[in-house]
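Asks: If it helps, the file is called target_22.cif and holds mmCIF, C-alpha atoms:
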```cif
data_input
loop_
_atom_site.label_atom_id
_atom_site.label_comp_id
_atom_site.auth_asym_id
_atom_site.auth_seq_id
_atom_site.Cartn_x
_atom_site.Cartn_y
_atom_site.Cartn_z
CA MET N 12 12.05 -4.55 -18.73
CA ASP N 13 15.53 -4.59 -17.22
CA ILE N 14 15.33 -3.51 -13.58
CA ALA N 15 18.72 -4.81 -12.45
CA GLY N 16 20.38 -2.20 -10.25
CA LYS N 17 17.24 -0.04 -10.02
CA THR N 18 16.08 1.24 -6.64
CA VAL N 19 12.44 0.39 -5.91
CA LEU N 20 10.33 1.76 -3.07
CA LEU N 21 7.47 -0.64 -2.43
CA THR N 22 4.85 0.42 0.10
CA GLY N 23 3.02 -2.38 1.87
CA GLY N 24 5.76 -4.83 0.97
CA SER N 25 5.93 -6.96 4.09
CA ALA N 26 2.93 -9.24 3.45
CA GLY N 27 0.59 -10.58 0.80
CA ILE N 28 0.90 -9.36 -2.76
CA GLY N 29 3.49 -6.75 -1.78
CA ARG N 30 5.79 -9.41 -0.33
CA GLU N 31 5.60 -11.44 -3.53
CA ILE N 32 6.20 -8.36 -5.68
CA ALA N 33 9.28 -7.58 -3.54
CA ARG N 34 10.64 -11.10 -4.04
CA GLN N 35 10.08 -10.99 -7.80
CA LEU N 36 11.79 -7.61 -8.14
CA LYS N 37 14.75 -8.74 -6.04
CA ALA N 38 15.08 -11.88 -8.16
CA LYS N 39 15.39 -9.62 -11.21
CA GLY N 40 18.23 -7.68 -9.58
CA ALA N 41 16.46 -4.61 -8.19
CA HIS N 42 17.36 -3.05 -4.85
CA VAL N 43 13.99 -3.18 -3.09
CA VAL N 44 13.20 -0.97 -0.11
CA LEU N 45 9.86 -1.84 1.39
CA THR N 46 7.59 -0.28 3.96
CA GLY N 47 5.18 -1.82 6.41
CA ARG N 48 3.66 -1.41 9.86
CA ASN N 49 4.27 -4.83 11.40
CA PRO N 50 7.72 -5.10 13.05
CA GLU N 51 7.79 -8.91 12.90
CA ARG N 52 6.98 -8.98 9.18
CA LEU N 53 9.56 -6.28 8.48
CA ALA N 54 12.18 -8.25 10.43
CA ALA N 55 11.33 -11.36 8.38
CA MET N 56 11.84 -9.41 5.16
CA GLU N 57 15.14 -8.04 6.45
CA GLY N 58 16.12 -11.66 7.03
CA GLU N 59 15.53 -12.22 3.29
CA GLY N 60 17.92 -9.37 2.50
CA PHE N 61 15.48 -6.50 1.98
CA GLU N 62 15.94 -2.99 3.28
CA THR N 63 12.88 -1.94 5.27
CA ILE N 64 11.39 1.28 6.56
CA PRO N 65 8.70 1.07 9.25
CA ALA N 66 5.88 3.33 8.07
CA SER N 67 2.15 3.75 8.43
CA LEU N 68 0.77 5.58 5.43
CA SER N 69 -2.75 5.93 6.80
CA ASP N 70 -2.36 9.67 7.33
CA ALA N 71 -0.31 12.62 6.10
CA ALA N 72 2.04 12.50 9.10
CA GLY N 73 3.04 8.93 8.21
CA VAL N 74 3.70 9.89 4.61
CA ASP N 75 5.78 12.88 5.75
CA ALA N 76 7.79 10.60 8.07
CA LEU N 77 8.51 8.20 5.21
CA LEU N 78 9.63 11.04 2.95
CA SER N 79 11.85 12.39 5.71
CA THR N 80 13.44 8.97 6.21
CA TRP N 81 13.94 8.55 2.45
CA GLY N 82 15.63 11.93 2.16
CA ALA N 83 17.39 12.77 -1.10
CA ARG N 84 18.06 9.17 -2.15
CA GLU N 85 17.68 8.22 -5.77
CA LEU N 86 14.43 6.47 -6.65
CA ASP N 87 13.83 4.67 -9.93
CA ILE N 88 10.53 2.90 -9.31
CA LEU N 89 7.70 3.59 -6.84
CA ILE N 90 5.03 0.95 -6.25
CA ASN N 91 2.16 2.16 -4.07
CA ASN N 92 0.83 -1.10 -2.70
CA ALA N 93 -0.01 -0.13 0.88
CA GLY N 94 -3.64 -0.75 1.70
CA GLN N 95 -6.03 -0.22 4.51
CA LEU N 96 -8.85 -2.57 5.41
CA VAL N 97 -12.14 -0.70 5.53
CA ASP N 98 -15.17 -2.62 6.73
CA HIS N 99 -18.25 -1.59 4.77
CA ASP N 100 -21.66 -3.08 4.14
CA PHE N 101 -22.37 -2.91 0.39
CA ARG N 102 -25.88 -4.36 0.65
CA PRO N 103 -28.61 -2.12 -0.75
CA GLU N 104 -30.34 0.24 1.63
CA GLU N 105 -34.14 0.15 1.91
CA ASN N 106 -34.52 2.77 -0.86
CA GLY N 107 -32.43 0.67 -3.28
CA ALA N 108 -29.39 2.94 -3.08
CA ARG N 109 -25.91 1.64 -2.38
CA SER N 110 -23.40 3.65 -0.43
CA ILE N 111 -19.81 3.48 -1.67
CA PRO N 112 -17.20 4.41 0.95
CA THR N 113 -14.70 7.14 0.19
CA PRO N 114 -11.53 8.07 2.07
CA PRO N 115 -12.38 9.81 5.36
CA THR N 116 -11.62 13.46 4.62
CA PRO N 117 -13.65 16.51 5.58
CA ALA N 118 -14.47 17.22 1.94
CA SER N 119 -15.60 13.69 1.10
CA THR N 120 -19.23 12.68 0.84
CA PRO N 121 -20.55 9.17 0.12
CA ILE N 122 -21.37 8.46 -3.50
CA SER N 123 -24.78 6.91 -3.95
CA THR N 124 -25.95 4.76 -6.87
CA ARG N 125 -29.37 3.32 -7.64
CA ARG N 126 -29.97 -0.17 -8.91
CA SER N 127 -31.84 -0.33 -12.15
CA GLY N 128 -34.74 -2.70 -12.55
#
```
Go ahead and render the structure in this file as structure tokens.
Replies:
Amino acid sequence: MDIAGKTVLLTGGSAGIGREIARQLKAKGAHVVLTGRNPERLAAMEGEGFETIPASLSDAAGVDALLSTWGARELDILINNAGQLVDHDFRPEENGARSIPTPPTPASTPISTRRSG
């Protein structure tokens, strides 16, 4: 796929897999705009020639702020890579059920599964 000259918005692009995706896209000629929460990591990516937008996408207000900053700019490719570390114990409970975490919203309830055998 030819992505030269395309504008890419890459969330979570200042570290880990996102950082490597950003570098690969830039090497193929894309204009990569990346988001992240860590000012030092964003500054390092700016030093590599990336445009950055500080953003925390952990709640609706952060998403709204990113959209406001982006404005009416053209966007060719969106890569949702931002993640959030959630600590959860996946070991079986005493009754054999396993609780699978879901995003913390008022409407969410844990999904439970039983082990067979």
Asks: Could you tell me which of N:Ala38, N:Ala83, N:Leu21, N:Ile32 comes closest to N:Ala66 if we count all atoms listed in the file?
Replies: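 Closest residue, counting all atoms listed in the file: N:Leu21.
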Asks: When you count all atoms listed in the file, which of these residues is closest to N:Leu53: N:Pro65, N:Leu86, N:Ala15, N:Gln35?
Replies: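 Of the candidates, the smallest distance to N:Leu53 is held by N:Pro65.
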Asks: Find the residues near N:Ala33: any atom within 8 Å, counting only C-alpha atoms, skip ones fewer than 2 places away on the same chain, and give them as JSON, numbers by chain.
Replies: {"N": [21, 24, 29, 30, 31, 35, 36, 37, 43, 45]}
Asks: If you measure from atom CA of N:Ala54 to atom CA of N:Val74, what distance in Å do you get, rounded to one decimal?
Replies: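 We find that atom CA of N:Ala54 and atom CA of N:Val74 lie 20.9 Å from each other.
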Asks: Report, in Å with one decimal, the straight-line distance from atom CA of N:Asn49 to atom CA of N:Glu62.
Replies: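 One can read the atom CA of N:Asn49 to atom CA of N:Glu62 distance as 14.3 Å.
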Asks: Using all atoms listed in the file, can you tell me which of N:Gly40, N:Gly47, N:Gly73, N:Gly16 comes closest to N:Gly94?
Replies: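 Among the listed residues, N:Gly47 lies closest to N:Gly94.
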Asks: Quick check on the file I pasted: which residues fall under the PyMOL selection byres ((chain N and resi 18) around 9)? Write them as JSON, numbers by chain.
Replies: {"N": [14, 15, 16, 17, 19, 20, 41, 42, 43, 44, 85, 86, 87, 88, 89]}
Asks: Those residues with C-alpha atoms, as an mmCIF file, in the coordinates of the input please?
Replies:
```
data_model
loop_
_atom_site.group_PDB
_atom_site.id
_atom_site.type_symbol
_atom_site.label_atom_id
_atom_site.label_comp_id
_atom_site.auth_asym_id
_atom_site.auth_seq_id
_atom_site.Cartn_x
_atom_site.Cartn_y
_atom_site.Cartn_z
ATOM 1 C CA ILE N 14 15.330 -3.510 -13.580
ATOM 2 C CA ALA N 15 18.720 -4.810 -12.450
ATOM 3 C CA GLY N 16 20.380 -2.200 -10.250
ATOM 4 C CA LYS N 17 17.240 -0.040 -10.020
ATOM 5 C CA VAL N 19 12.440 0.390 -5.910
ATOM 6 C CA LEU N 20 10.330 1.760 -3.070
ATOM 7 C CA ALA N 41 16.460 -4.610 -8.190
ATOM 8 C CA HIS N 42 17.360 -3.050 -4.850
ATOM 9 C CA VAL N 43 13.990 -3.180 -3.090
ATOM 10 C CA VAL N 44 13.200 -0.970 -0.110
ATOM 11 C CA GLU N 85 17.680 8.220 -5.770
ATOM 12 C CA LEU N 86 14.430 6.470 -6.650
ATOM 13 C CA ASP N 87 13.830 4.670 -9.930
ATOM 14 C CA ILE N 88 10.530 2.900 -9.310
ATOM 15 C CA LEU N 89 7.700 3.590 -6.840
#
```
Asks: Rounded to one decimal in Å, what is the spacing between atom CA of N:Gly60 and atom CA of N:Asp13?
Replies: 20.4 Å
Asks: Restricting the calculation to only C-alpha atoms, which member of N:Met12, N:Ala93, N:Ser67, N:Gly58 is positioned closest to N:Ala26?
Replies: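 When distances to N:Ala26 are compared using only C-alpha atoms, the smallest one comes from N:Ala93.
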Asks: Ranking N:Glu105, N:Arg48, N:Ile28, N:Glu59 by minimum distance to N:Ile90 and counting all atoms listed in the file, which one comes first?
Replies: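 Among N:Glu105, N:Arg48, N:Ile28, N:Glu59, it is N:Ile28 that comes nearest to N:Ile90.
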Asks: Need a file for stretch 62-76 of chain N from that block: N, CA, C and O atoms, written as a JSON list (two decimals), in the first residue's frame.
Replies:
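Wrote it out as decode-v1.json, contents follow:
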```json
[["chain", "number", "residue", "atom", "x", "y", "z"],
["N", 62, "GLU", "N", 5.14, 15.08, 14.45],
["N", 62, "GLU", "CA", 4.23, 16.03, 15.07],
["N", 62, "GLU", "C", 3.53, 15.29, 16.22],
["N", 62, "GLU", "O", 3.14, 14.12, 16.05],
["N", 63, "THR", "N", 3.40, 15.94, 17.36],
["N", 63, "THR", "CA", 2.79, 15.28, 18.50],
["N", 63, "THR", "C", 1.64, 16.11, 19.07],
["N", 63, "THR", "O", 1.63, 17.34, 18.94],
["N", 64, "ILE", "N", 0.71, 15.41, 19.68],
["N", 64, "ILE", "CA", -0.39, 16.05, 20.40],
["N", 64, "ILE", "C", -0.48, 15.38, 21.76],
["N", 64, "ILE", "O", -0.76, 14.17, 21.84],
["N", 65, "PRO", "N", -0.23, 16.13, 22.84],
["N", 65, "PRO", "CA", -0.40, 15.53, 24.17],
["N", 65, "PRO", "C", -1.88, 15.20, 24.39],
["N", 65, "PRO", "O", -2.74, 16.05, 24.18],
["N", 66, "ALA", "N", -2.17, 13.96, 24.74],
["N", 66, "ALA", "CA", -3.56, 13.57, 24.93],
["N", 66, "ALA", "C", -3.65, 12.32, 25.80],
["N", 66, "ALA", "O", -2.90, 11.37, 25.61],
["N", 67, "SER", "N", -4.58, 12.35, 26.72],
["N", 67, "SER", "CA", -4.95, 11.16, 27.49],
["N", 67, "SER", "C", -6.32, 10.74, 27.01],
["N", 67, "SER", "O", -7.28, 11.51, 27.10],
["N", 68, "LEU", "N", -6.42, 9.54, 26.49],
["N", 68, "LEU", "CA", -7.68, 9.07, 25.93],
["N", 68, "LEU", "C", -8.40, 8.12, 26.88],
["N", 68, "LEU", "O", -9.23, 7.31, 26.46],
["N", 69, "SER", "N", -8.13, 8.26, 28.17],
["N", 69, "SER", "CA", -8.73, 7.37, 29.16],
["N", 69, "SER", "C", -10.16, 7.76, 29.53],
["N", 69, "SER", "O", -10.82, 7.02, 30.25],
["N", 70, "ASP", "N", -10.62, 8.90, 29.06],
["N", 70, "ASP", "CA", -12.01, 9.29, 29.31],
["N", 70, "ASP", "C", -12.52, 10.15, 28.16],
["N", 70, "ASP", "O", -11.76, 10.57, 27.29],
["N", 71, "ALA", "N", -13.81, 10.40, 28.14],
["N", 71, "ALA", "CA", -14.43, 11.14, 27.05],
["N", 71, "ALA", "C", -13.88, 12.56, 26.93],
["N", 71, "ALA", "O", -13.74, 13.08, 25.81],
["N", 72, "ALA", "N", -13.55, 13.19, 28.05],
["N", 72, "ALA", "CA", -13.02, 14.55, 28.00],
["N", 72, "ALA", "C", -11.70, 14.59, 27.25],
["N", 72, "ALA", "O", -11.43, 15.53, 26.50],
["N", 73, "GLY", "N", -10.86, 13.58, 27.44],
["N", 73, "GLY", "CA", -9.59, 13.52, 26.73],
["N", 73, "GLY", "C", -9.78, 13.33, 25.23],
["N", 73, "GLY", "O", -9.07, 13.92, 24.42],
["N", 74, "VAL", "N", -10.74, 12.51, 24.87],
["N", 74, "VAL", "CA", -11.05, 12.29, 23.45],
["N", 74, "VAL", "C", -11.57, 13.58, 22.84],
["N", 74, "VAL", "O", -11.16, 13.99, 21.74],
["N", 75, "ASP", "N", -12.48, 14.26, 23.55],
["N", 75, "ASP", "CA", -13.01, 15.53, 23.06],
["N", 75, "ASP", "C", -11.90, 16.56, 22.87],
["N", 75, "ASP", "O", -11.90, 17.31, 21.89],
["N", 76, "ALA", "N", -10.94, 16.60, 23.81],
["N", 76, "ALA", "CA", -9.82, 17.55, 23.70],
["N", 76, "ALA", "C", -8.97, 17.24, 22.47],
["N", 76, "ALA", "O", -8.55, 18.16, 21.76]]
```
